[in-house]
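Heads up, entry_8.pdb below (PDB, C-alpha atoms, pLDDT in the B column):
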ATOM      1  CA  MET A   1       0.000   0.000   0.000  1.00 69.00           C
ATOM      2  CA  PRO A   2       1.427   3.384  -0.949  1.00 71.00           C
ATOM      3  CA  ASP A   3       2.349   5.841   1.787  1.00 73.00           C
ATOM      4  CA  ILE A   4       0.058   8.859   1.361  1.00 72.00           C
ATOM      5  CA  ASN A   5       2.610  10.961   3.201  1.00 84.00           C
ATOM      6  CA  LYS A   6       5.212  10.516   0.459  1.00 95.00           C
ATOM      7  CA  LYS A   7       5.602  11.776  -3.102  1.00 97.00           C
ATOM      8  CA  TYR A   8       6.349   9.476  -6.019  1.00 97.00           C
ATOM      9  CA  PHE A   9       8.435  10.163  -9.124  1.00 98.00           C
ATOM     10  CA  ALA A  10       9.266   8.059 -12.161  1.00 98.00           C
ATOM     11  CA  GLN A  11      12.517   8.393 -14.072  1.00 98.00           C
ATOM     12  CA  ILE A  12      11.818   8.353 -17.797  1.00 98.00           C
ATOM     13  CA  GLY A  13      14.334   6.898 -20.252  1.00 97.00           C
ATOM     14  CA  VAL A  14      14.550   6.273 -23.981  1.00 96.00           C
ATOM     15  CA  ASP A  15      11.191   6.004 -25.785  1.00 96.00           C
ATOM     16  CA  ASP A  16       9.435   7.272 -22.633  1.00 97.00           C
ATOM     17  CA  ILE A  17      10.000   3.968 -20.813  1.00 98.00           C
ATOM     18  CA  VAL A  18       9.912   4.151 -17.007  1.00 98.00           C
ATOM     19  CA  ILE A  19      13.349   3.018 -15.830  1.00 98.00           C
ATOM     20  CA  SER A  20      13.026   3.649 -12.088  1.00 98.00           C
ATOM     21  CA  CYS A  21      10.553   4.814  -9.468  1.00 97.00           C
ATOM     22  CA  HIS A  22      11.509   6.895  -6.431  1.00 97.00           C
ATOM     23  CA  VAL A  23       9.786   7.843  -3.196  1.00 96.00           C
ATOM     24  CA  VAL A  24      10.470  11.359  -1.945  1.00 96.00           C
ATOM     25  CA  ASN A  25       9.684  13.126   1.314  1.00 96.00           C
ATOM     26  CA  PRO A  26       7.066  15.841   0.828  1.00 96.00           C
ATOM     27  CA  SER A  27       9.442  18.377   2.379  1.00 96.00           C
ATOM     28  CA  ASP A  28      11.746  17.852  -0.618  1.00 97.00           C
ATOM     29  CA  CYS A  29       8.941  18.954  -2.940  1.00 97.00           C
ATOM     30  CA  LEU A  30       8.185  22.379  -1.492  1.00 96.00           C
ATOM     31  CA  ASP A  31       8.682  25.606  -3.388  1.00 96.00           C
ATOM     32  CA  SER A  32      10.046  28.816  -1.842  1.00 95.00           C
ATOM     33  CA  GLU A  33       6.602  29.555  -0.382  1.00 96.00           C
ATOM     34  CA  GLY A  34       6.295  26.125   1.251  1.00 95.00           C
ATOM     35  CA  VAL A  35       3.734  24.822  -1.256  1.00 96.00           C
ATOM     36  CA  HIS A  36       3.987  21.403  -2.918  1.00 95.00           C
ATOM     37  CA  SER A  37       5.594  21.691  -6.338  1.00 97.00           C
ATOM     38  CA  GLU A  38       6.354  18.954  -8.842  1.00 97.00           C
ATOM     39  CA  VAL A  39       9.157  21.168 -10.174  1.00 97.00           C
ATOM     40  CA  ALA A  40      10.722  21.374  -6.693  1.00 98.00           C
ATOM     41  CA  GLY A  41      10.594  17.579  -6.456  1.00 98.00           C
ATOM     42  CA  LYS A  42      12.225  17.235  -9.890  1.00 98.00           C
ATOM     43  CA  GLU A  43      14.950  19.697  -8.879  1.00 98.00           C
ATOM     44  CA  PHE A  44      15.556  17.721  -5.685  1.00 98.00           C
ATOM     45  CA  LEU A  45      15.912  14.498  -7.676  1.00 98.00           C
ATOM     46  CA  GLN A  46      18.210  16.193 -10.186  1.00 98.00           C
ATOM     47  CA  SER A  47      20.455  17.373  -7.345  1.00 97.00           C
ATOM     48  CA  THR A  48      20.574  13.958  -5.653  1.00 97.00           C
ATOM     49  CA  HIS A  49      20.843  11.741  -8.755  1.00 97.00           C
ATOM     50  CA  ASN A  50      22.419  14.102 -11.299  1.00 97.00           C
ATOM     51  CA  ILE A  51      19.638  13.311 -13.781  1.00 97.00           C
ATOM     52  CA  PRO A  52      17.981  16.254 -15.616  1.00 96.00           C
ATOM     53  CA  VAL A  53      14.615  17.528 -14.329  1.00 96.00           C
ATOM     54  CA  GLU A  54      12.883  16.663 -17.618  1.00 97.00           C
ATOM     55  CA  LYS A  55      13.561  12.965 -16.930  1.00 98.00           C
ATOM     56  CA  TRP A  56      11.377  12.984 -13.790  1.00 98.00           C
ATOM     57  CA  ILE A  57       7.573  12.837 -13.694  1.00 98.00           C
ATOM     58  CA  GLU A  58       5.520  12.824 -10.505  1.00 98.00           C
ATOM     59  CA  TYR A  59       2.781  10.200 -10.261  1.00 97.00           C
ATOM     60  CA  SER A  60       0.191   8.845  -7.889  1.00 96.00           C
ATOM     61  CA  PRO A  61       0.554   5.118  -7.117  1.00 95.00           C
ATOM     62  CA  THR A  62      -3.249   4.941  -6.839  1.00 93.00           C
ATOM     63  CA  GLY A  63      -3.868   6.694 -10.157  1.00 93.00           C
ATOM     64  CA  ALA A  64      -5.352   9.777  -8.448  1.00 94.00           C
ATOM     65  CA  PHE A  65      -3.590  11.790 -11.156  1.00 96.00           C
ATOM     66  CA  ARG A  66      -1.916  10.757 -14.408  1.00 97.00           C
ATOM     67  CA  THR A  67      -4.488   7.927 -14.569  1.00 96.00           C
ATOM     68  CA  ASN A  68      -2.196   5.063 -13.469  1.00 97.00           C
ATOM     69  CA  GLY A  69       0.729   4.611 -11.165  1.00 97.00           C
ATOM     70  CA  ALA A  70       4.093   4.313 -12.863  1.00 98.00           C
ATOM     71  CA  CYS A  71       5.818   0.939 -13.114  1.00 97.00           C
ATOM     72  CA  ILE A  72       9.274   0.020 -14.310  1.00 98.00           C
ATOM     73  CA  GLY A  73       8.995  -1.055 -17.944  1.00 98.00           C
ATOM     74  CA  GLY A  74       5.740   0.858 -18.418  1.00 98.00           C
ATOM     75  CA  THR A  75       5.579   4.083 -20.413  1.00 98.00           C
ATOM     76  CA  TYR A  76       4.757   7.727 -19.941  1.00 98.00           C
ATOM     77  CA  ASP A  77       2.502   9.173 -22.634  1.00 98.00           C
ATOM     78  CA  SER A  78       3.373  12.876 -22.538  1.00 96.00           C
ATOM     79  CA  ALA A  79       0.722  13.817 -25.130  1.00 97.00           C
ATOM     80  CA  ASN A  80      -2.024  12.562 -22.792  1.00 97.00           C
ATOM     81  CA  ASP A  81      -0.092  13.043 -19.517  1.00 98.00           C
ATOM     82  CA  VAL A  82      -0.708   9.448 -18.374  1.00 98.00           C
ATOM     83  CA  PHE A  83       1.303   6.435 -17.323  1.00 98.00           C
ATOM     84  CA  ILE A  84       0.574   3.149 -19.087  1.00 98.00           C
ATOM     85  CA  SER A  85       1.474  -0.239 -17.607  1.00 98.00           C
ATOM     86  CA  ILE A  86       3.346  -2.935 -19.491  1.00 97.00           C
ATOM     87  CA  LYS A  87       1.230  -4.592 -22.176  1.00 97.00           C
ATOM     88  CA  PRO A  88       0.509  -8.045 -20.733  1.00 97.00           C
ATOM     89  CA  TYR A  89      -0.194  -9.882 -24.024  1.00 98.00           C
ATOM     90  CA  GLY A  90       0.221  -9.104 -27.712  1.00 98.00           C
ATOM     91  CA  SER A  91      -3.507  -9.318 -28.440  1.00 98.00           C
ATOM     92  CA  TRP A  92      -4.605  -6.903 -25.716  1.00 98.00           C
ATOM     93  CA  ILE A  93      -5.650  -3.375 -26.637  1.00 97.00           C
ATOM     94  CA  LEU A  94      -5.391  -0.104 -24.745  1.00 98.00           C
ATOM     95  CA  SER A  95      -8.788   1.222 -23.670  1.00 97.00           C
ATOM     96  CA  ALA A  96      -9.841   4.867 -23.771  1.00 97.00           C
ATOM     97  CA  GLY A  97      -9.169   4.845 -20.001  1.00 96.00           C
ATOM     98  CA  TYR A  98      -5.546   3.695 -20.570  1.00 98.00           C
ATOM     99  CA  GLN A  99      -6.083   0.169 -19.231  1.00 97.00           C
ATOM    100  CA  TRP A 100      -5.065  -2.969 -21.136  1.00 98.00           C
ATOM    101  CA  GLU A 101      -8.046  -5.131 -22.094  1.00 97.00           C
ATOM    102  CA  ALA A 102      -8.249  -8.639 -23.500  1.00 97.00           C
ATOM    103  CA  PRO A 103      -9.980  -9.081 -26.865  1.00 96.00           C
ATOM    104  CA  ILE A 104     -12.606 -11.133 -24.995  1.00 94.00           C
ATOM    105  CA  ALA A 105     -14.375  -9.693 -21.949  1.00 92.00           C
ATOM    106  CA  TYR A 106     -13.328 -10.983 -18.540  1.00 92.00           C
ATOM    107  CA  PRO A 107     -15.602 -13.772 -17.215  1.00 93.00           C
ATOM    108  CA  THR A 108     -18.659 -12.672 -15.287  1.00 89.00           C
ATOM    109  CA  ASP A 109     -18.590 -15.880 -13.198  1.00 86.00           C
ATOM    110  CA  THR A 110     -15.321 -15.459 -11.316  1.00 85.00           C
ATOM    111  CA  GLY A 111     -16.060 -17.631  -8.290  1.00 82.00           C
ATOM    112  CA  ASP A 112     -13.253 -18.263  -5.834  1.00 82.00           C
ATOM    113  CA  PHE A 113     -10.643 -19.669  -8.202  1.00 84.00           C
ATOM    114  CA  PRO A 114      -7.712 -18.319 -10.209  1.00 89.00           C
ATOM    115  CA  ILE A 115      -8.502 -17.129 -13.732  1.00 91.00           C
ATOM    116  CA  GLY A 116      -5.847 -16.744 -16.406  1.00 91.00           C
ATOM    117  CA  TRP A 117      -5.531 -15.700 -20.029  1.00 93.00           C
ATOM    118  CA  ASP A 118      -4.452 -18.192 -22.725  1.00 93.00           C
ATOM    119  CA  GLU A 119      -2.845 -15.992 -25.384  1.00 96.00           C
ATOM    120  CA  ASP A 120      -2.308 -18.835 -27.884  1.00 95.00           C
ATOM    121  CA  ASN A 121      -5.993 -19.812 -27.874  1.00 92.00           C
ATOM    122  CA  GLN A 122      -7.406 -16.354 -27.124  1.00 94.00           C
ATOM    123  CA  LYS A 123      -9.529 -17.439 -24.160  1.00 92.00           C
ATOM    124  CA  TRP A 124      -9.918 -17.182 -20.407  1.00 93.00           C
ATOM    125  CA  PHE A 125      -9.373 -20.323 -18.330  1.00 91.00           C
ATOM    126  CA  ARG A 126      -9.577 -21.504 -14.754  1.00 89.00           C
ATOM    127  CA  GLU A 127      -7.387 -24.191 -13.269  1.00 80.00           C
ATOM    128  CA  GLY A 128      -8.472 -27.317 -11.429  1.00 77.00           C
ATOM    129  CA  PHE A 129     -11.978 -27.678 -12.875  1.00 74.00           C
ATOM    130  CA  ALA A 130     -13.485 -30.129 -15.363  1.00 70.00           C
ATOM    131  CA  THR A 131     -15.070 -27.144 -17.114  1.00 70.00           C
ATOM    132  CA  ASN A 132     -12.220 -24.717 -17.316  1.00 83.00           C
ATOM    133  CA  ASP A 133     -12.716 -22.612 -20.493  1.00 85.00           C
ATOM    134  CA  TRP A 134     -14.870 -19.488 -20.547  1.00 89.00           C
ATOM    135  CA  ASP A 135     -17.395 -19.283 -23.383  1.00 86.00           C
ATOM    136  CA  SER A 136     -17.981 -15.580 -23.993  1.00 85.00           C
ATOM    137  CA  ASN A 137     -21.095 -16.346 -26.071  1.00 86.00           C
ATOM    138  CA  THR A 138     -22.974 -18.355 -23.432  1.00 86.00           C
ATOM    139  CA  LEU A 139     -21.276 -16.621 -20.491  1.00 84.00           C
ATOM    140  CA  ALA A 140     -20.524 -19.966 -18.873  1.00 85.00           C
ATOM    141  CA  TRP A 141     -17.574 -22.236 -18.153  1.00 85.00           C
ATOM    142  CA  VAL A 142     -17.447 -25.186 -20.562  1.00 85.00           C
TER     143      VAL A 142
END

Written as structure tokens, how would this file's structure read?
Amino acid sequence: MPDINKKYFAQIGVDDIVISCHVVNPSDCLDSEGVHSEVAGKEFLQSTHNIPVEKWIEYSPTGAFRTNGACIGGTYDSANDVFISIKPYGSWILSAGYQWEAPIAYPTDTGDFPIGWDEDNQKWFREGFATNDWDSNTLAWV
């Protein structure tokens, strides 16, 4: 669980890939008037890591701003000012809300069992059951 009393910054590398995530004390993100400032946080990180301010982006681990928390290997979309997680499978598409979605909707009957995605066969499955494949047409396990 993220510490709400801390500030979070992602270091952005080549092709806007997140290469590291850092937790900063709020006091290191205050401007000259004592008000929180992303720029002050970036300047603090530049001074401590010798990495230019433009390589740092503040984020919320809960997605309260910039839509998603940053994660190493994910990307920062500067045009939309959002972080995007790592694409989990080749067939998945990015939703308008910047979340990865399978080409087939997630099962509505989730029960109390693990559900996974079978990329090769483009289907949801559950382990340990005689009926373990999700039929998105009948909305039932078959």

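The coordinates place CA of Thr67 in chain A at 18.5 Å from CA of Ile19 in chain A.
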
Selection in question (the file shown): the PyMOL selection byres ((chain A and resi 27-30) around 9). Which residues does it include, as a CSV table (one decimal) with C-alpha atoms, in the frame of the given file?
chain,number,residue,atom,x,y,z
A,7,LYS,CA,5.6,11.8,-3.1
A,24,VAL,CA,10.5,11.4,-1.9
A,25,ASN,CA,9.7,13.1,1.3
A,26,PRO,CA,7.1,15.8,0.8
A,31,ASP,CA,8.7,25.6,-3.4
A,32,SER,CA,10.0,28.8,-1.8
A,33,GLU,CA,6.6,29.6,-0.4
A,34,GLY,CA,6.3,26.1,1.3
A,35,VAL,CA,3.7,24.8,-1.3
A,36,HIS,CA,4.0,21.4,-2.9
A,37,SER,CA,5.6,21.7,-6.3
A,38,GLU,CA,6.4,19.0,-8.8
A,39,VAL,CA,9.2,21.2,-10.2
A,40,ALA,CA,10.7,21.4,-6.7
A,41,GLY,CA,10.6,17.6,-6.5
A,42,LYS,CA,12.2,17.2,-9.9
A,43,GLU,CA,15.0,19.7,-8.9
A,44,PHE,CA,15.6,17.7,-5.7
A,45,LEU,CA,15.9,14.5,-7.7

Requested in this report: Would you list the contacts of range 102-111 of chain A as a PyMOL selection string, taking every protein, DNA or RNA residue within 8 Å and counting all atoms listed in the file, but skipping same-chain residues closer than 6 positions in sequence?
Outcome: chain A and resi 91-93+122-124+134+136+139-140

**Report entry** Length of the CA of Asp16 in chain A to CA of Thr48 in chain A vector [Å]
**Finding:** 21.4 Å

Requested in this report: Taking the file as shown, find all residues satisfying the PyMOL selection byres ((chain A and resi 49-64) around 7) and write them as a list in words.
Outcome: Pro2, Tyr8, Phe9, Ala10, Gln11, Ile12, Gly13, Glu38, Lys42, Glu43, Leu45, Gln46, Ser47, Thr48, Phe65, Arg66, Thr67, Asn68, Gly69 and Ala70 of chain A

Query raised in the report: Distance CA of Ser85 in chain A-CA of Gly73 in chain A, one decimal place?
Result: 7.6 Å

**Report entry** Matched chain/residue IDs from the PyMOL selection byres ((chain A and resi 115) around 8), as an MDAnalysis selection string
**Finding:** chainID A and resid 110 113:114 116:117 124:127

Requested write-out: C-alpha atoms of the selected residues, as an mmCIF file, in the frame of the given file:
data_model
loop_
_atom_site.group_PDB
_atom_site.id
_atom_site.type_symbol
_atom_site.label_atom_id
_atom_site.label_comp_id
_atom_site.auth_asym_id
_atom_site.auth_seq_id
_atom_site.Cartn_x
_atom_site.Cartn_y
_atom_site.Cartn_z
ATOM 1 C CA THR A 110 -15.321 -15.459 -11.316
ATOM 2 C CA PHE A 113 -10.643 -19.669 -8.202
ATOM 3 C CA PRO A 114 -7.712 -18.319 -10.209
ATOM 4 C CA GLY A 116 -5.847 -16.744 -16.406
ATOM 5 C CA TRP A 117 -5.531 -15.700 -20.029
ATOM 6 C CA TRP A 124 -9.918 -17.182 -20.407
ATOM 7 C CA PHE A 125 -9.373 -20.323 -18.330
ATOM 8 C CA ARG A 126 -9.577 -21.504 -14.754
ATOM 9 C CA GLU A 127 -7.387 -24.191 -13.269
#

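When all atoms listed in the file are used to compute distances to Ile72 in chain A, the closest of the residues A:Val23, A:Val18, A:Ala130, A:Ala96 turns out to be A:Val18.
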
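Nearest residue to Asp112 in chain A, choosing from A:Gly90, A:Phe129, A:Trp100, A:Cys21 and counting all atoms listed in the file: A:Phe129.
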
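Across A:Ile4, A:Asn121, A:Asp135, A:Val14, the tightest approach to Tyr76 in chain A is made by A:Val14 when counting all atoms listed in the file.
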
Grab all the atoms of range 11-15 of chain A that the file lists, wrap them in a box along x, y and z, add 8 Å per side, and give me centre plus edge lengths in Å (one decimal) as AutoDock Vina command-line options.
--center_x 12.9 --center_y 7.2 --center_z -19.9 --size_x 19.4 --size_y 18.4 --size_z 27.7

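Remark: for Asn80 in chain A, the closest of the candidate residues A:Gly128, A:Asn5, A:Tyr98, A:Trp141 is A:Tyr98 (distances computed over all atoms listed in the file).
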